[in-house]
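Undergrad: Below are the structure tokens for one structure; questions will follow.
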Amino acid sequence: MAIRAILRMGDPRLLEAAKPVADPTAPAIRELIADMFDTMAAAGGVGLAAPQIGVGLQVVIFGFEMSERYPHAEPVPPTILLNPVITPLAEDEESGWEGCLSVPGLRGEVPRFTRIRYRGVDEGGKAIDRAVEGFHARVVQHECDHLLGVLYPMRMRDMSRFGFTDVLFPELAGSADIGAR
């Protein structure tokens with residue numbers, strides 16, 4: 001459909017809470033989702049939230065088989081998730097490096113719950129209910145944070161673990177910017 005501009009950190013729209021989707025089957029939602037997939041693919045991301053392209057609705061997409069930006073990450077099934085609800089399944093957290101298409105060229109170490117359950121609906125209104133862990137759980141938490149107006153640097157506890165991707169990971173400087181999500 002169309003590749004849309006991705007908002008960058010500093011744009012106040014990224015700090016707003018997104019509204020629930022009233023009708024998941026609406027043609028405008030299907031068009032939005034198609035644009036989000038085109039935009040995510042063009043940027044080489046593994047996930048994208050509607051607020052990142054200036055649409056204040058609770059819509060996230062994510063998934064990949066293989067990622068240049070996260071070469072050691074296990075595959076995550078392609079998913080369209082509307083009106084998500086996340087529930088931690090354990091209090092355990094793990095810190096891991098994250099980047100974001102809205103915070104290009106930078107990476108930070110972010111604590112996330114290791115196991116979560118996420119629920120919502122897809123674009124057909126069909127219920128989604130999954131328990132996940134590892135990178136899959138990290139991606140979902142990251143993308144759903146966008147729906148709350150939260151960017152990953154706001155979750156960081158140690159700003160000494162925040163920096164430019166090519167400085168933090170010089171061995172990967174020749175590949176695509178691994179700092180984008």
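Chain labels follow the order of the structure tokens: the first chain is A, the next B, and so on; residue numbering restarts at 1 in every chain, and ligands are counted from 1 in their shown order.
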Using backbone DSSP assignments, extract all strand (DSSP E or B) residues from segment 14-137 of chain A; output them as an NGL selection string.
TA: :A and (19 or 47-49 or 57 or 59-64 or 76-88 or 93-100 or 103-113 or 115-121 or 127-133)
Undergrad: Let's have the selection written as an mmCIF file, in the first residue's frame, with C-alpha atoms.
TA:
```cif
data_model
loop_
_atom_site.group_PDB
_atom_site.id
_atom_site.type_symbol
_atom_site.label_atom_id
_atom_site.label_comp_id
_atom_site.auth_asym_id
_atom_site.auth_seq_id
_atom_site.Cartn_x
_atom_site.Cartn_y
_atom_site.Cartn_z
ATOM 1 C CA LYS A 19 -7.038 4.783 21.736
ATOM 2 C CA GLY A 47 7.864 -4.627 14.888
ATOM 3 C CA LEU A 48 5.947 -1.389 14.545
ATOM 4 C CA ALA A 49 3.202 0.371 16.482
ATOM 5 C CA LEU A 57 -4.694 3.659 17.739
ATOM 6 C CA VAL A 59 -2.424 -1.443 16.688
ATOM 7 C CA VAL A 60 0.919 -3.247 16.699
ATOM 8 C CA ILE A 61 2.520 -5.613 14.235
ATOM 9 C CA PHE A 62 5.611 -7.738 14.727
ATOM 10 C CA GLY A 63 7.322 -10.867 13.534
ATOM 11 C CA PHE A 64 10.214 -12.174 11.456
ATOM 12 C CA VAL A 76 8.774 -14.520 16.079
ATOM 13 C CA PRO A 77 5.544 -15.377 14.224
ATOM 14 C CA PRO A 78 4.096 -12.551 12.128
ATOM 15 C CA THR A 79 1.321 -11.053 14.246
ATOM 16 C CA ILE A 80 -1.266 -8.304 13.981
ATOM 17 C CA LEU A 81 -2.423 -7.335 17.465
ATOM 18 C CA LEU A 82 -5.155 -4.820 18.239
ATOM 19 C CA ASN A 83 -6.178 -3.590 21.681
ATOM 20 C CA PRO A 84 -3.493 -5.631 23.461
ATOM 21 C CA VAL A 85 -3.346 -6.457 27.145
ATOM 22 C CA ILE A 86 -0.082 -7.747 28.633
ATOM 23 C CA THR A 87 0.141 -9.740 31.850
ATOM 24 C CA PRO A 88 3.528 -10.730 33.322
ATOM 25 C CA GLU A 93 13.157 -9.574 34.492
ATOM 26 C CA GLU A 94 16.044 -9.734 32.085
ATOM 27 C CA SER A 95 18.013 -6.843 30.661
ATOM 28 C CA GLY A 96 18.649 -6.874 26.934
ATOM 29 C CA TRP A 97 19.748 -4.503 24.189
ATOM 30 C CA GLU A 98 16.956 -2.774 22.325
ATOM 31 C CA GLY A 99 16.686 -0.293 19.535
ATOM 32 C CA CYS A 100 13.747 1.402 17.911
ATOM 33 C CA VAL A 103 15.182 6.193 18.005
ATOM 34 C CA PRO A 104 17.445 5.487 15.006
ATOM 35 C CA GLY A 105 21.107 4.666 15.429
ATOM 36 C CA LEU A 106 20.929 4.156 19.191
ATOM 37 C CA ARG A 107 20.669 1.167 21.497
ATOM 38 C CA GLY A 108 20.012 0.769 25.171
ATOM 39 C CA GLU A 109 19.876 -2.011 27.721
ATOM 40 C CA VAL A 110 16.280 -2.385 28.887
ATOM 41 C CA PRO A 111 14.829 -4.619 31.615
ATOM 42 C CA ARG A 112 11.735 -6.577 30.535
ATOM 43 C CA PHE A 113 9.633 -9.343 32.010
ATOM 44 C CA ARG A 115 7.556 -14.342 30.440
ATOM 45 C CA ILE A 116 4.284 -12.666 29.528
ATOM 46 C CA ARG A 117 0.797 -13.418 28.336
ATOM 47 C CA TYR A 118 -0.631 -11.139 25.702
ATOM 48 C CA ARG A 119 -4.204 -10.934 24.572
ATOM 49 C CA GLY A 120 -6.044 -8.889 21.981
ATOM 50 C CA VAL A 121 -7.663 -9.391 18.600
ATOM 51 C CA ALA A 127 -9.098 -13.405 19.750
ATOM 52 C CA ILE A 128 -5.350 -13.815 20.285
ATOM 53 C CA ASP A 129 -4.115 -15.237 23.583
ATOM 54 C CA ARG A 130 -0.465 -16.310 23.830
ATOM 55 C CA ALA A 131 2.054 -17.008 26.573
ATOM 56 C CA VAL A 132 5.579 -16.217 25.373
ATOM 57 C CA GLU A 133 9.107 -15.716 26.621
#
```
Undergrad: May I have the residues within 8 Å of His146 of chain A as a PyMOL selection string, using only C-alpha atoms and disregarding those fewer than 2 positions away in the same chain?
TA: chain A and resi 14-15+17+49+51-52+142-144+148-151
Undergrad: List every residue of segment 1-179 of chain A that DSSP, applied to the backbone, labels as helix (DSSP H, G or I), and write the result as JSON, numbers by chain.
TA: {"A": [12, 13, 14, 15, 27, 28, 29, 30, 31, 32, 33, 34, 35, 36, 37, 38, 39, 40, 41, 42, 43, 50, 51, 52, 53, 134, 135, 136, 137, 138, 139, 140, 141, 142, 143, 144, 145, 146, 147, 152, 153, 154, 155, 159, 160, 161, 165, 166, 167, 168, 170, 171, 172]}
Undergrad: Please produce a file of those selected residues containing C-alpha atoms, as a JSON list (two decimals), in the first residue's frame.
TA:
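Listed below is the output, result_38.json:
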```json
[["chain", "number", "residue", "atom", "x", "y", "z"],
["A", 12, "PRO", "CA", 5.14, 14.74, 21.08],
["A", 13, "ARG", "CA", 2.76, 12.32, 19.34],
["A", 14, "LEU", "CA", 5.00, 9.45, 20.48],
["A", 15, "LEU", "CA", 4.22, 10.34, 24.10],
["A", 27, "PRO", "CA", -11.41, -1.01, 5.89],
["A", 28, "ALA", "CA", -9.37, 1.87, 7.34],
["A", 29, "ILE", "CA", -7.79, -0.53, 9.85],
["A", 30, "ARG", "CA", -6.90, -3.00, 7.10],
["A", 31, "GLU", "CA", -5.30, -0.17, 5.11],
["A", 32, "LEU", "CA", -3.40, 1.01, 8.19],
["A", 33, "ILE", "CA", -2.08, -2.51, 8.82],
["A", 34, "ALA", "CA", -0.96, -2.89, 5.20],
["A", 35, "ASP", "CA", 0.87, 0.44, 5.41],
["A", 36, "MET", "CA", 2.47, -0.63, 8.68],
["A", 37, "PHE", "CA", 3.81, -3.84, 7.13],
["A", 38, "ASP", "CA", 5.17, -1.90, 4.15],
["A", 39, "THR", "CA", 6.78, 0.65, 6.46],
["A", 40, "MET", "CA", 8.27, -1.97, 8.78],
["A", 41, "ALA", "CA", 9.70, -3.93, 5.85],
["A", 42, "ALA", "CA", 11.19, -0.83, 4.24],
["A", 43, "ALA", "CA", 12.86, 0.12, 7.54],
["A", 50, "ALA", "CA", 0.62, 2.66, 14.87],
["A", 51, "PRO", "CA", 1.69, 5.68, 16.97],
["A", 52, "GLN", "CA", 5.13, 5.46, 15.36],
["A", 53, "ILE", "CA", 3.54, 6.51, 12.07],
["A", 134, "GLY", "CA", 12.52, -14.61, 25.41],
["A", 135, "PHE", "CA", 12.87, -12.23, 22.48],
["A", 136, "HIS", "CA", 9.22, -12.69, 21.52],
["A", 137, "ALA", "CA", 8.18, -11.34, 24.95],
["A", 138, "ARG", "CA", 10.65, -8.45, 24.62],
["A", 139, "VAL", "CA", 9.32, -7.43, 21.20],
["A", 140, "VAL", "CA", 5.70, -7.48, 22.36],
["A", 141, "GLN", "CA", 6.48, -5.41, 25.45],
["A", 142, "HIS", "CA", 8.48, -2.91, 23.39],
["A", 143, "GLU", "CA", 5.77, -2.44, 20.77],
["A", 144, "CYS", "CA", 2.95, -2.24, 23.31],
["A", 145, "ASP", "CA", 4.90, 0.41, 25.23],
["A", 146, "HIS", "CA", 4.40, 2.67, 22.20],
["A", 147, "LEU", "CA", 0.65, 2.44, 22.79],
["A", 152, "TYR", "CA", 12.51, 2.30, 25.50],
["A", 153, "PRO", "CA", 14.96, 4.90, 26.94],
["A", 154, "MET", "CA", 12.22, 5.74, 29.47],
["A", 155, "ARG", "CA", 12.45, 2.12, 30.75],
["A", 159, "MET", "CA", 22.01, 5.41, 31.12],
["A", 160, "SER", "CA", 25.66, 4.33, 30.87],
["A", 161, "ARG", "CA", 24.21, 1.41, 28.85],
["A", 165, "THR", "CA", 24.91, 1.35, 17.78],
["A", 166, "ASP", "CA", 28.11, 1.65, 15.75],
["A", 167, "VAL", "CA", 30.08, 2.56, 18.90],
["A", 168, "LEU", "CA", 28.53, -0.10, 21.14],
["A", 170, "PRO", "CA", 31.57, -1.94, 16.07],
["A", 171, "GLU", "CA", 31.77, -5.54, 14.83],
["A", 172, "LEU", "CA", 28.31, -5.08, 13.31]]
```
Undergrad: Atom CA of Ile6 of chain A and atom CA of Phe162 of chain A, how far apart in Å?
TA: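 Result for atom CA of Phe162 of chain A versus atom CA of Ile6 of chain A: 21.2 Å, one decimal.
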Undergrad: Given only C-alpha atoms as the basis, pick out the residue of A:Gly54, A:Asp122, A:Ser102, A:Glu91 nearest to Arg4 of chain A.
TA: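 Closest to Arg4 of chain A, using only C-alpha atoms: A:Gly54.
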Undergrad: By how many Å are atom CA of Gly44 of chain A and atom CA of Leu101 of chain A apart?
TA: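 Taking atom CA of Gly44 of chain A and atom CA of Leu101 of chain A, their separation equals 8.8 Å.
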Undergrad: In Å, rounded to a single decimal, give me how far atom CA of Phe164 of chain A is from atom CA of Leu7 of chain A.
TA: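 Atom CA of Phe164 of chain A lies at a distance of 18.6 Å from atom CA of Leu7 of chain A.
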Undergrad: Tell me, as a PDB file with N, CA and C atoms, in the first residue's frame, which residues lie within 6 Å of Glu123 of chain A, counting only C-alpha atoms; anything in the same chain fewer than 2 positions away does not count.
TA:
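Everything below was put into part.pdb:
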```pdb
ATOM      1  N   PRO A  24     -12.200  -3.693  14.529  1.00  0.00           N
ATOM      2  CA  PRO A  24     -10.996  -4.273  13.929  1.00  0.00           C
ATOM      3  C   PRO A  24     -11.142  -4.611  12.450  1.00  0.00           C
ATOM      4  N   THR A  25     -12.368  -4.812  11.988  1.00  0.00           N
ATOM      5  CA  THR A  25     -12.582  -5.223  10.595  1.00  0.00           C
ATOM      6  C   THR A  25     -12.806  -4.042   9.658  1.00  0.00           C
ATOM      7  N   GLY A 125     -10.999  -9.568  14.046  1.00  0.00           N
ATOM      8  CA  GLY A 125     -11.724  -9.602  15.302  1.00  0.00           C
ATOM      9  C   GLY A 125     -11.545 -10.898  16.068  1.00  0.00           C
TER      10      GLY A 125
END
```
